[in-house]
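**Student:** Below is the file run.cif, with mmCIF, C-alpha atoms and all ligand atoms.
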```cif
data_data
#
loop_
_atom_site.label_atom_id
_atom_site.label_comp_id
_atom_site.auth_asym_id
_atom_site.auth_seq_id
_atom_site.Cartn_x
_atom_site.Cartn_y
_atom_site.Cartn_z
CA MET A 1 -2.53 -22.98 -19.18
CA ASN A 2 -1.23 -21.47 -22.41
CA ARG A 3 2.49 -20.72 -22.00
CA GLU A 4 3.75 -20.52 -25.58
CA PRO A 5 5.21 -17.17 -26.63
CA VAL A 6 2.53 -14.89 -28.04
CA MET A 7 2.64 -11.73 -30.11
CA THR A 8 2.37 -8.65 -27.96
CA THR A 9 -0.68 -7.38 -29.83
CA ASP A 10 -2.45 -10.65 -29.07
CA LEU A 11 -1.41 -10.41 -25.45
CA LEU A 12 -2.54 -6.79 -25.25
CA ASP A 13 -5.91 -7.75 -26.75
CA ARG A 14 -6.27 -10.37 -24.02
CA VAL A 15 -5.38 -7.84 -21.34
CA ARG A 16 -7.95 -5.42 -22.81
CA ALA A 17 -10.58 -8.17 -22.81
CA PHE A 18 -9.73 -8.97 -19.18
CA VAL A 19 -10.02 -5.30 -18.22
CA HIS A 20 -13.37 -5.03 -20.02
CA THR A 21 -14.93 -8.08 -18.29
CA GLU A 22 -13.25 -8.00 -14.88
CA LEU A 23 -12.30 -4.43 -13.99
CA MET A 24 -14.56 -1.90 -15.72
CA ASP A 25 -17.50 -0.34 -13.89
CA LYS A 26 -16.31 -1.61 -10.50
CA ALA A 27 -15.07 1.73 -9.18
CA SER A 28 -16.99 1.51 -5.88
CA TYR A 29 -15.88 -2.06 -5.24
CA PHE A 30 -12.19 -1.32 -5.84
CA ASP A 31 -12.48 1.91 -3.88
CA ALA A 32 -13.73 0.03 -0.81
CA LEU A 33 -10.44 -1.71 0.10
CA PRO A 34 -11.48 -5.14 -1.26
CA GLU A 35 -10.20 -8.23 0.55
CA GLN A 36 -6.96 -9.68 -0.81
CA PRO A 37 -6.31 -11.58 -2.92
CA THR A 38 -9.23 -10.26 -4.92
CA ILE A 39 -11.25 -12.58 -7.10
CA GLU A 40 -10.04 -10.43 -10.01
CA SER A 41 -6.39 -11.22 -9.26
CA VAL A 42 -7.27 -14.93 -9.17
CA ARG A 43 -8.95 -14.49 -12.57
CA LEU A 44 -5.90 -12.62 -13.90
CA HIS A 45 -3.89 -15.73 -13.10
CA GLU A 46 -6.53 -18.06 -14.60
CA ALA A 47 -6.35 -15.98 -17.78
CA GLY A 48 -2.58 -16.71 -17.86
CA LEU A 49 -1.76 -13.02 -17.32
CA ALA A 50 -0.48 -12.76 -13.74
CA ASN A 51 3.22 -11.96 -13.23
CA TRP A 52 3.59 -11.65 -17.02
CA TRP A 53 7.26 -10.60 -16.86
CA ILE A 54 8.71 -13.72 -15.16
CA PRO A 55 11.30 -15.20 -17.56
CA ALA A 56 10.44 -18.29 -19.61
CA ARG A 57 13.19 -20.30 -17.89
CA TYR A 58 11.09 -20.12 -14.72
CA GLY A 59 7.91 -21.03 -16.58
CA GLY A 60 6.75 -17.43 -17.05
CA ARG A 61 5.72 -15.47 -20.10
CA GLY A 62 8.88 -13.36 -20.18
CA VAL A 63 7.20 -10.17 -21.44
CA SER A 64 9.66 -7.28 -21.73
CA LEU A 65 9.34 -4.25 -19.46
CA GLU A 66 8.77 -2.14 -22.57
CA ASP A 67 5.66 -4.16 -23.45
CA GLY A 68 4.78 -4.22 -19.76
CA VAL A 69 4.28 -0.43 -19.94
CA ASP A 70 1.27 -0.93 -22.24
CA ILE A 71 -0.06 -3.83 -20.17
CA VAL A 72 0.01 -1.69 -17.03
CA SER A 73 -1.57 1.23 -18.87
CA GLU A 74 -4.46 -1.09 -19.85
CA LEU A 75 -4.88 -2.51 -16.33
CA ALA A 76 -4.78 0.99 -14.82
CA TYR A 77 -7.43 2.09 -17.32
CA GLY A 78 -9.65 -0.40 -15.48
CA ASP A 79 -8.35 0.20 -11.95
CA ALA A 80 -5.04 1.74 -10.90
CA GLY A 81 -4.97 0.01 -7.52
CA PHE A 82 -5.49 -3.38 -9.14
CA ALA A 83 -2.70 -2.58 -11.61
CA PHE A 84 -0.34 -1.48 -8.79
CA GLY A 85 -0.91 -4.64 -6.75
CA SER A 86 -0.47 -6.80 -9.86
CA PHE A 87 2.83 -5.40 -11.10
CA LEU A 88 4.56 -4.51 -7.83
CA PRO A 89 6.01 -8.02 -7.35
CA ILE A 90 8.33 -7.14 -10.28
CA LEU A 91 10.44 -5.17 -7.76
CA GLY A 92 11.07 -8.39 -5.85
CA THR A 93 11.35 -10.78 -8.76
CA THR A 94 13.98 -8.53 -10.39
CA MET A 95 16.11 -8.60 -7.23
CA LEU A 96 15.63 -12.35 -6.80
CA GLN A 97 16.44 -13.12 -10.42
CA LEU A 98 19.64 -11.06 -10.38
CA TYR A 99 20.94 -11.51 -6.83
CA GLY A 100 19.23 -14.54 -5.29
CA GLU A 101 20.89 -17.94 -5.01
CA GLU A 102 19.31 -20.31 -7.53
CA SER A 103 18.12 -22.53 -4.65
CA LEU A 104 16.11 -19.57 -3.34
CA ALA A 105 15.11 -17.71 -6.49
CA GLY A 106 14.34 -20.72 -8.73
CA PRO A 107 11.55 -22.32 -6.63
CA LEU A 108 10.02 -18.96 -5.71
CA LEU A 109 9.93 -17.61 -9.26
CA ARG A 110 8.60 -20.93 -10.60
CA LYS A 111 5.84 -20.90 -7.98
CA LEU A 112 4.85 -17.32 -8.85
CA ALA A 113 4.74 -18.25 -12.54
CA ARG A 114 2.80 -21.48 -11.96
CA ASP A 115 0.37 -20.49 -9.21
CA GLY A 116 0.19 -16.69 -9.50
CA GLY A 117 0.64 -14.93 -6.18
CA VAL A 118 2.65 -11.96 -5.03
CA LEU A 119 5.74 -10.85 -3.11
CA GLY A 120 5.88 -8.13 -0.46
CA ILE A 121 8.72 -5.60 -0.39
CA LEU A 122 9.54 -4.31 3.07
CA GLY A 123 11.80 -1.30 2.66
CA SER A 124 10.11 1.72 4.27
CA GLU A 125 10.13 2.35 8.00
CA GLU A 126 8.53 5.16 9.97
CA GLU A 127 11.87 6.99 10.25
CA ALA A 128 13.41 5.60 7.08
CA GLY A 129 11.20 5.88 4.01
CA SER A 130 13.22 7.78 1.48
CA GLU A 131 16.30 7.70 3.68
CA LEU A 132 16.73 3.95 3.64
CA GLY A 133 20.27 4.37 5.01
CA ARG A 134 18.57 4.97 8.37
CA THR A 135 16.94 1.53 8.32
CA ALA A 136 16.58 0.23 11.88
CA THR A 137 15.43 -3.32 11.12
CA VAL A 138 18.35 -5.62 11.93
CA PHE A 139 19.54 -9.09 11.04
CA ALA A 140 21.90 -11.17 13.15
CA ARG A 141 23.72 -14.37 12.33
CA SER A 142 22.79 -17.44 14.37
CA GLY A 143 24.68 -20.52 13.16
CA ASP A 144 23.45 -21.20 9.60
CA ASP A 145 20.49 -18.86 10.05
CA LEU A 146 19.67 -15.17 10.07
CA VAL A 147 17.34 -13.63 12.61
CA VAL A 148 15.42 -10.59 11.37
CA THR A 149 13.76 -8.09 13.71
CA GLY A 150 12.10 -4.75 13.06
CA ASP A 151 9.04 -2.68 12.15
CA LYS A 152 8.16 -1.87 8.57
CA TYR A 153 5.76 0.99 7.93
CA PHE A 154 4.41 0.52 4.39
CA SER A 155 4.41 -2.63 2.38
CA THR A 156 2.00 -3.56 -0.39
CA ASN A 157 0.71 -7.11 -0.89
CA SER A 158 2.45 -8.44 2.25
CA ASP A 159 -0.48 -10.25 3.83
CA ALA A 160 -1.17 -12.42 0.79
CA ALA A 161 2.49 -12.71 -0.25
CA GLU A 162 4.49 -15.89 -0.76
CA ALA A 163 7.54 -14.17 0.68
CA LEU A 164 8.59 -10.81 2.04
CA LEU A 165 11.79 -9.23 0.80
CA VAL A 166 13.02 -7.31 3.81
CA LEU A 167 15.67 -4.59 3.88
CA ALA A 168 17.70 -4.90 7.10
CA ARG A 169 21.00 -3.75 8.56
CA SER A 170 23.54 -6.05 10.19
CA ALA A 171 23.42 -6.02 13.99
CA ASP A 172 27.24 -6.28 13.91
CA ASP A 173 28.13 -3.86 11.15
CA ASP A 174 26.20 -0.60 10.64
CA GLY A 175 27.30 -0.34 7.03
CA ASP A 176 26.15 -3.82 5.99
CA PHE A 177 22.65 -3.75 4.46
CA ALA A 178 20.91 -6.83 3.13
CA VAL A 179 17.70 -7.80 1.37
CA ILE A 180 16.51 -11.03 2.98
CA ALA A 181 13.67 -13.27 1.80
CA VAL A 182 11.35 -14.12 4.68
CA PRO A 183 8.56 -16.59 3.79
CA ARG A 184 5.19 -15.07 4.76
CA ASP A 185 4.39 -17.99 7.09
CA THR A 186 7.61 -17.59 9.11
CA PRO A 187 6.83 -17.41 12.84
CA GLY A 188 7.22 -13.81 14.02
CA VAL A 189 5.74 -12.13 10.92
CA GLU A 190 2.85 -10.01 12.14
CA ILE A 191 0.52 -7.79 10.10
CA VAL A 192 -0.02 -4.78 12.37
CA LYS A 193 -2.67 -3.10 10.20
CA ARG A 194 -3.88 -2.38 6.70
CA TRP A 195 -3.53 1.30 5.80
CA ASP A 196 -6.70 3.21 4.93
CA VAL A 197 -5.05 4.84 1.91
CA ILE A 198 -6.84 7.62 -0.01
CA GLY A 199 -6.12 6.22 -3.49
CA VAL A 200 -5.16 2.97 -5.27
CA ARG A 201 -7.53 1.34 -2.78
CA GLY A 202 -7.86 -1.76 -4.96
CA SER A 203 -4.35 -2.63 -3.72
CA ALA A 204 -3.52 -3.41 -0.09
CA THR A 205 -0.71 -1.80 1.90
CA TYR A 206 0.24 -2.90 5.40
CA GLN A 207 2.31 -2.09 8.44
CA VAL A 208 4.29 -5.20 9.33
CA ARG A 209 6.30 -6.29 12.37
CA LEU A 210 9.06 -8.91 12.28
CA ARG A 211 9.79 -10.42 15.67
CA GLY A 212 12.91 -12.57 15.54
CA CYS A 213 12.09 -14.21 12.19
CA VAL A 214 14.55 -17.05 11.55
CA VAL A 215 15.48 -17.89 7.95
CA PRO A 216 18.42 -19.75 6.35
CA ALA A 217 21.48 -17.54 5.69
CA GLY A 218 21.09 -18.38 1.98
CA ASN A 219 17.93 -16.23 1.94
CA ARG A 220 20.13 -13.15 1.86
CA LEU A 221 20.52 -11.73 -1.64
CA ARG A 222 24.06 -11.13 -2.90
CA GLY A 223 25.45 -7.60 -2.63
CA ASN A 224 24.50 -4.48 -0.74
CA GLY A 225 20.79 -4.45 0.09
CA LEU A 226 20.41 -0.74 -0.70
CA ARG A 227 21.82 -1.38 -4.18
CA ASN A 228 19.63 -4.47 -4.66
CA LEU A 229 16.59 -2.36 -3.89
CA GLU A 230 17.62 0.47 -6.23
CA ILE A 231 17.84 -2.01 -9.08
CA GLY A 232 14.42 -3.52 -8.43
CA LEU A 233 12.96 -0.03 -8.08
CA ASN A 234 13.99 0.78 -11.65
CA ALA A 235 11.35 -1.66 -12.91
CA SER A 236 8.58 -0.75 -10.48
CA ARG A 237 9.10 3.01 -10.79
CA ILE A 238 8.65 2.76 -14.56
CA LEU A 239 5.44 0.78 -14.07
CA ILE A 240 4.13 3.19 -11.41
CA ALA A 241 4.71 5.87 -14.07
CA ALA A 242 2.79 3.72 -16.57
CA THR A 243 -0.29 3.65 -14.33
CA ALA A 244 -0.52 7.43 -14.89
CA ILE A 245 -0.94 6.75 -18.62
CA GLY A 246 -3.90 4.44 -18.00
CA ILE A 247 -5.58 6.82 -15.55
CA ALA A 248 -5.06 9.74 -17.96
CA ARG A 249 -6.54 7.76 -20.88
CA ARG A 250 -9.59 6.97 -18.73
CA ILE A 251 -10.02 10.65 -17.83
CA ARG A 252 -9.78 11.56 -21.53
CA ASP A 253 -12.44 9.02 -22.53
CA LEU A 254 -14.81 9.93 -19.69
CA SER A 255 -14.43 13.57 -20.73
CA MET A 256 -15.35 12.74 -24.33
CA GLU A 257 -18.43 10.74 -23.20
CA TYR A 258 -19.57 13.58 -20.95
CA ALA A 259 -18.92 16.31 -23.52
CA ALA A 260 -20.97 14.53 -26.19
CA GLY A 261 -24.09 14.91 -24.03
CA LYS A 262 -23.37 18.31 -22.53
CA ARG A 263 -24.45 21.50 -24.33
CA VAL A 264 -22.72 24.82 -23.77
CA LYS A 265 -23.87 27.99 -25.63
CA GLY A 266 -26.26 25.89 -27.68
CA VAL A 267 -23.74 23.38 -29.01
CA PRO A 268 -22.30 20.11 -27.70
CA LEU A 269 -19.22 20.65 -25.53
CA THR A 270 -17.26 18.53 -28.03
CA ASP A 271 -17.64 21.43 -30.53
CA ASN A 272 -16.28 23.97 -28.06
CA ALA A 273 -12.76 25.24 -28.82
CA VAL A 274 -11.77 25.47 -25.14
CA PHE A 275 -12.77 21.82 -24.60
CA ALA A 276 -10.90 20.77 -27.77
CA GLY A 277 -7.80 22.57 -26.52
CA LYS A 278 -7.94 20.77 -23.18
CA LEU A 279 -8.29 17.38 -24.82
CA GLY A 280 -5.48 18.18 -27.25
CA GLN A 281 -3.29 19.07 -24.29
CA ILE A 282 -4.19 15.79 -22.54
CA GLU A 283 -3.36 13.79 -25.66
CA MET A 284 0.07 15.42 -25.91
CA LEU A 285 0.80 14.59 -22.26
CA ILE A 286 -0.34 10.97 -22.69
CA ASP A 287 1.92 10.53 -25.71
CA VAL A 288 5.01 11.96 -24.00
CA MET A 289 4.33 9.93 -20.83
CA ARG A 290 4.13 6.72 -22.86
CA ASN A 291 7.26 7.53 -24.85
CA GLN A 292 9.29 8.23 -21.71
CA CYS A 293 8.04 5.07 -19.98
CA ARG A 294 8.80 2.91 -23.02
CA ALA A 295 12.24 4.47 -23.51
CA ALA A 296 13.12 3.89 -19.85
CA ALA A 297 11.78 0.34 -20.02
CA ALA A 298 13.77 -0.34 -23.20
CA GLU A 299 16.96 0.74 -21.41
CA PHE A 300 16.10 -1.59 -18.51
CA ASP A 301 15.44 -4.45 -20.99
CA ARG A 302 18.79 -3.81 -22.72
CA LEU A 303 20.70 -4.02 -19.43
CA MET A 304 18.82 -7.17 -18.44
CA ALA A 305 19.77 -8.76 -21.78
CA ALA A 306 23.52 -8.18 -21.20
CA PRO A 307 25.74 -11.27 -20.79
CA ASP A 308 26.10 -10.57 -17.05
CA PRO A 309 22.99 -8.55 -16.15
CA ALA A 310 23.59 -8.80 -12.38
CA ALA A 311 26.98 -7.04 -12.69
CA VAL A 312 25.81 -4.57 -15.35
CA MET A 313 22.75 -3.54 -13.31
CA TYR A 314 24.77 -3.37 -10.12
CA ARG A 315 27.13 -0.87 -11.78
CA ALA A 316 24.25 1.13 -13.27
CA GLY A 317 22.18 1.39 -10.06
CA THR A 318 19.33 3.87 -10.27
CA LEU A 319 18.57 4.66 -13.91
CA ARG A 320 18.06 8.28 -14.88
CA SER A 321 15.39 7.30 -17.40
CA ALA A 322 13.37 5.49 -14.70
CA LEU A 323 13.59 8.48 -12.35
CA ALA A 324 12.55 10.81 -15.16
CA ALA A 325 9.63 8.56 -16.14
CA LYS A 326 8.25 8.45 -12.61
CA MET A 327 8.61 12.15 -11.93
CA TYR A 328 7.40 13.26 -15.36
CA CYS A 329 4.35 10.98 -15.29
CA GLY A 330 3.51 12.07 -11.75
CA GLN A 331 3.53 15.70 -12.83
CA ALA A 332 1.91 15.28 -16.26
CA GLY A 333 -0.66 12.90 -14.80
CA TRP A 334 -1.50 15.47 -12.16
CA GLN A 335 -2.09 18.10 -14.87
CA VAL A 336 -4.51 15.71 -16.56
CA ALA A 337 -6.21 14.97 -13.24
CA THR A 338 -6.67 18.69 -12.61
CA ILE A 339 -8.24 19.24 -16.02
CA GLY A 340 -10.43 16.20 -15.41
CA SER A 341 -11.47 17.40 -11.98
CA GLU A 342 -12.94 20.59 -13.46
CA MET A 343 -14.43 18.88 -16.50
CA PHE A 344 -17.61 17.47 -14.93
CA GLY A 345 -18.67 20.60 -13.06
CA GLY A 346 -20.18 20.07 -9.61
CA LEU A 347 -20.87 16.42 -10.42
CA GLY A 348 -17.13 15.91 -10.59
CA TYR A 349 -16.89 16.93 -6.95
CA THR A 350 -19.25 14.17 -5.83
CA HIS A 351 -18.81 10.46 -5.24
CA ASP A 352 -21.44 9.86 -7.93
CA HIS A 353 -18.80 10.40 -10.61
CA PRO A 354 -15.58 8.35 -10.90
CA ILE A 355 -13.32 11.40 -11.50
CA GLY A 356 -12.73 11.90 -7.76
CA LYS A 357 -11.36 8.37 -7.48
CA LEU A 358 -9.18 8.87 -10.55
CA VAL A 359 -7.71 12.06 -9.05
CA ARG A 360 -6.93 10.25 -5.78
CA ASP A 361 -5.45 7.31 -7.68
CA MET A 362 -3.28 9.62 -9.81
CA ARG A 363 -1.74 11.25 -6.73
CA TYR A 364 0.16 8.07 -5.77
CA VAL A 365 2.38 8.31 -8.86
CA GLY A 366 4.22 11.33 -7.45
CA ILE A 367 4.51 9.90 -3.92
CA VAL A 368 5.09 6.14 -3.77
CA GLU A 369 8.71 4.99 -4.33
CA GLY A 370 9.95 8.52 -3.93
CA GLY A 371 8.24 11.91 -4.00
CA ASP A 372 9.45 14.54 -6.44
CA ASP A 373 11.90 16.09 -3.93
CA VAL A 374 13.53 12.71 -3.49
CA ILE A 375 13.65 12.02 -7.23
CA ARG A 376 15.10 15.47 -7.94
CA ASP A 377 17.73 14.85 -5.24
CA LEU A 378 18.64 11.49 -6.82
CA LEU A 379 18.88 13.05 -10.29
CA TYR A 380 21.09 15.81 -8.93
CA THR A 381 23.48 13.66 -6.90
CA ARG A 382 23.70 10.75 -9.37
CA TYR A 383 23.47 12.49 -12.73
CA VAL A 384 24.02 16.26 -12.50
CA VAL A 385 26.97 16.41 -10.13
CA PRO A 386 29.24 13.46 -11.26
CA ALA A 387 31.97 14.06 -13.92
CA GLY A 388 34.61 13.47 -11.22
CA LYS A 389 32.06 14.68 -8.61
CA ARG A 390 32.69 18.25 -9.97
CA ARG A 391 33.74 21.14 -7.70
C1 LIG B 1 0.07 3.14 -1.16
C2 LIG B 1 1.49 3.00 -0.71
C3 LIG B 1 2.16 1.82 -0.98
C4 LIG B 1 3.49 1.65 -0.55
N1 LIG B 1 4.11 0.44 -0.75
C5 LIG B 1 5.34 0.25 -0.25
C6 LIG B 1 5.97 -1.05 -0.35
O1 LIG B 1 5.41 -2.01 -0.89
N2 LIG B 1 7.20 -1.20 0.18
C7 LIG B 1 7.87 -0.16 0.78
O2 LIG B 1 8.99 -0.36 1.25
N3 LIG B 1 7.30 1.08 0.87
C8 LIG B 1 6.07 1.30 0.37
N4 LIG B 1 5.48 2.55 0.48
C9 LIG B 1 6.24 3.66 1.05
C10 LIG B 1 6.52 4.76 0.04
O3 LIG B 1 7.39 4.33 -0.97
C11 LIG B 1 7.06 5.97 0.81
O4 LIG B 1 6.04 6.41 1.68
C12 LIG B 1 7.46 7.08 -0.13
O5 LIG B 1 8.62 6.71 -0.83
C13 LIG B 1 7.72 8.38 0.63
O6 LIG B 1 8.63 8.16 1.66
P1 LIG B 1 8.34 8.66 3.14
O7 LIG B 1 6.98 8.24 3.53
O8 LIG B 1 9.48 8.25 3.99
O9 LIG B 1 8.31 10.23 3.06
P2 LIG B 1 9.57 11.19 2.78
O10 LIG B 1 10.19 10.86 1.48
O11 LIG B 1 10.49 11.22 3.96
O12 LIG B 1 8.82 12.56 2.61
C14 LIG B 1 8.42 13.37 3.74
C15 LIG B 1 8.82 14.81 3.45
O13 LIG B 1 10.23 14.94 3.41
C16 LIG B 1 10.64 15.58 2.20
N5 LIG B 1 11.90 15.03 1.71
C17 LIG B 1 12.30 13.71 1.81
N6 LIG B 1 13.50 13.55 1.22
C18 LIG B 1 13.87 14.77 0.74
C19 LIG B 1 15.01 15.25 0.05
N7 LIG B 1 16.01 14.41 -0.27
N8 LIG B 1 15.06 16.56 -0.27
C20 LIG B 1 14.04 17.40 0.08
N9 LIG B 1 12.94 16.99 0.72
C21 LIG B 1 12.85 15.71 1.06
C22 LIG B 1 9.49 15.27 1.22
O14 LIG B 1 9.44 16.17 0.15
C23 LIG B 1 8.30 15.35 2.12
O15 LIG B 1 7.90 16.68 2.27
C24 LIG B 1 4.15 2.72 0.11
C25 LIG B 1 3.47 3.90 0.37
C26 LIG B 1 2.14 4.05 -0.01
C27 LIG B 1 1.43 5.33 0.30
#
```
I need this file expressed as structure tokens, please.

**Tutor:**
Amino acid sequence: MNREPVMTTDLLDRVRAFVHTELMDKASYFDALPEQPTIESVRLHEAGLANWWIPARYGGRGVSLEDGVDIVSELAYGDAGFAFGSFLPILGTTMLQLYGEESLAGPLLRKLARDGGVLGILGSEEEAGSELGRTATVFARSGDDLVVTGDKYFSTNSDAAEALLVLARSADDDGDFAVIAVPRDTPGVEIVKRWDVIGVRGSATYQVRLRGCVVPAGNRLRGNGLRNLEIGLNASRILIAATAIGIARRIRDLSMEYAAGKRVKGVPLTDNAVFAGKLGQIEMLIDVMRNQCRAAAAEFDRLMAAPDPAAVMYRAGTLRSALAAKMYCGQAGWQVATIGSEMFGGLGYTHDHPIGKLVRDMRYVGIVEGGDDVIRDLLYTRYVVPAGKRR
């Protein structure tokens, strides 16, 4: 497989070619909860494109998060669910790379780079989704091992994952949170069900139970698990935001195709000033979404390039730019989806046209990894209040 560094434009061309041959015109297939791993994700790996961000020292391509924004936009142009499932392991690889012991992180990252494959992130619980401080999953020390027990509500990619990165609380100390790597084949890992989600159905999200899963103590990542997760979420939130760009570009292009063949008041819809205004508005939103995602990703890349990225990221925690990217793209993307939903008339309200799927796919941007209320709360408490915590 070709592993030499490549120019981003070349890489982007290859991603576009992949999207064209493997993802386009498969809306019904991806919308039908395809079995995982999909043949398309196997082909993404065969094309040398899976897990594109894993650093070169682990045998990966080492693509920056900033360039990853455009890769995700392209994949999401083909199918947002496929894009989501493909990039989400970045949440786990970021935590492993920064806070995992080399004996844990090295082999896992090398395997993901060499063989493709995914990681599952098990944060959310039924009573602790946004409020992860209420996590009820526990770990207990047993000699040189840790025993992990609990129920996790939502977790994408888990069934096909190499390993599950589980957020748990110490059975002995309520304030001690850890992220612990649990290999998927560990006895006691049970997939309870696959969720019948309403959008991004090309990905797969599960409810998972952990019944006394025993792993070496070295599988615990260094530091506070809540902080570890915040840092990984910076990368995945920016890429969730980037899926909105791809979906919005698809809505724009479908609108142009439709308008070319649709006549209103005796002229093609493309010559109608109201239509032109809508498409101009969409283009503005797409451009600002992309700029915010790339700016946030560039900040993430800068911190990761620091001499001691683990310490620098740990101090930084949740990045304002990543929060802003996710919330802005969720809202701007929803505006585009609304325009798109009206664009195709009654046809747009049927399953015969892909716009309905695109609207459902777009909705996940403003929900997964924090709804807008949660993001606003984080922006307020972390970035508005500070300056000596005010008052
Ligand atoms: C397709 C999909 C994939 C997912 N994948 C994963 C995964 O891989 N790993 C994982 O761990 N999780 C995953 N999740 C979980 C997802 O990240 C959470 O569902 C999401 O963050 C929302 O959290 P919640 O469900 O706890 O709802 P909440 O955030 O609790 O929201 C419920 C209600 O409470 C309100 N609310 C919550 N907090 C505040 C606040 N601070 N201020 C005001 N109002 C508030 C909300 O506005 C909302 O009305 C996935 C979910 C989906 C749907």

**Student:** Restricting the calculation to all atoms listed in the file, which member of A:Arg227, A:Arg391, A:Lys278, A:Arg43 is positioned closest to Phe18 (chain A)?

**Tutor:**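 For Phe18 (chain A), the nearest of the candidates is A:Arg43.
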
**Student:** Counting all atoms listed in the file, what are the residues, protein, DNA or RNA alike, that approach ligand LIG 1 (chain B) to within 6 Å? I want them as a list in words.

**Tutor:**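 Every residue with an atom at most 6 Å from ligand LIG 1 (chain B) is listed here: Ile121, Leu122, Gly123, Ser124, Ala128, Gly129, Ser130, Phe154, Ser155, Thr156, Thr205, Ile367, Val368, Glu369, Gly370, Gly371, Asp373, Val374 and Asp377 of chain A.
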
**Student:** Just checking: using only C-alpha atoms, which residue out of A:Met327, A:Ile251, A:Ile375, A:Ala242 ends up closest to Glu342 (chain A)?

**Tutor:**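 The shortest atom-to-atom distance to Glu342 (chain A) comes from A:Ile251.
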
**Student:** So how many Å separate CA of Pro183 (chain A) and CA of Leu165 (chain A), to one decimal?

**Tutor:**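 Interatomic distance here is 8.6 Å.
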
**Student:** When you draw a straight line from CA of Gly246 (chain A) to CA of Trp53 (chain A), how long is it in Å?

**Tutor:**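 Calculated distance between CA of Gly246 (chain A) and CA of Trp53 (chain A) is 18.8 Å.
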
**Student:** Arg169 (chain A): which residues within 9 Å, counting only C-alpha atoms, same-chain residues fewer than 5 positions away excluded, as a ChimeraX atom specification?

**Tutor:** /A:133,135-140,174-179,225

**Student:** Could you list, as a PyMOL selection string, every residue within 10 Å of Arg201 (chain A), counting only C-alpha atoms and ignoring same-chain residues fewer than 4 positions away?

**Tutor:** chain A and resi 27-34+79-82+84-85+195-197+205+357+360-361

**Student:** Enter the distance from CA of Ala322 (chain A) to CA of Gly92 (chain A), in Å, rounded to one decimal.

**Tutor:**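 Value for the CA of Ala322 (chain A)-CA of Gly92 (chain A) distance: 16.6 Å.
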
**Student:** Counting only C-alpha atoms, what is within 10 Å of Leu104 (chain A), bar same-chain residues fewer than 5 positions away, as a VMD selection string?

**Tutor:** chain A and resid 96 to 97 109 181 216 218 to 221

**Student:** Leaving out Gln36 (chain A) and any residue of its chain fewer than 5 positions from it, which residues lie within 10 Å of it when counting only C-alpha atoms, given as a count of residues only?

**Tutor:** 11

**Student:** Would you please work out which residue, of A:Leu303, A:Arg237, A:Thr350, A:Pro187, is nearest to Cys329 (chain A) when using all atoms listed in the file?

**Tutor:** A:Arg237

**Student:** Residues of region 3-49 of chain A that have any atom at most 9 Å from an atom of region 69-78 of chain A: could you tabulate them with the shortest-distance atom pair and the distance in Å to one decimal, using all atoms listed in the file, ordered by chain and increasing number, as JSON lines?

**Tutor:**
```
{"residue": "A:Leu11", "atom": "CA", "partner": "A:Ile71", "partner_atom": "CA", "distance": 8.5}
{"residue": "A:Leu12", "atom": "CA", "partner": "A:Ile71", "partner_atom": "CA", "distance": 6.4}
{"residue": "A:Val15", "atom": "CA", "partner": "A:Ile71", "partner_atom": "CA", "distance": 6.8}
{"residue": "A:Arg16", "atom": "CA", "partner": "A:Glu74", "partner_atom": "CA", "distance": 6.3}
{"residue": "A:Phe18", "atom": "CA", "partner": "A:Leu75", "partner_atom": "CA", "distance": 8.6}
{"residue": "A:Val19", "atom": "CA", "partner": "A:Gly78", "partner_atom": "CA", "distance": 5.6}
{"residue": "A:His20", "atom": "CA", "partner": "A:Gly78", "partner_atom": "CA", "distance": 7.5}
{"residue": "A:Glu22", "atom": "CA", "partner": "A:Gly78", "partner_atom": "CA", "distance": 8.4}
{"residue": "A:Leu23", "atom": "CA", "partner": "A:Gly78", "partner_atom": "CA", "distance": 5.0}
{"residue": "A:Met24", "atom": "CA", "partner": "A:Gly78", "partner_atom": "CA", "distance": 5.1}
{"residue": "A:Asp25", "atom": "CA", "partner": "A:Gly78", "partner_atom": "CA", "distance": 8.0}
{"residue": "A:Lys26", "atom": "CA", "partner": "A:Gly78", "partner_atom": "CA", "distance": 8.4}
{"residue": "A:Ala27", "atom": "CA", "partner": "A:Gly78", "partner_atom": "CA", "distance": 8.6}
```
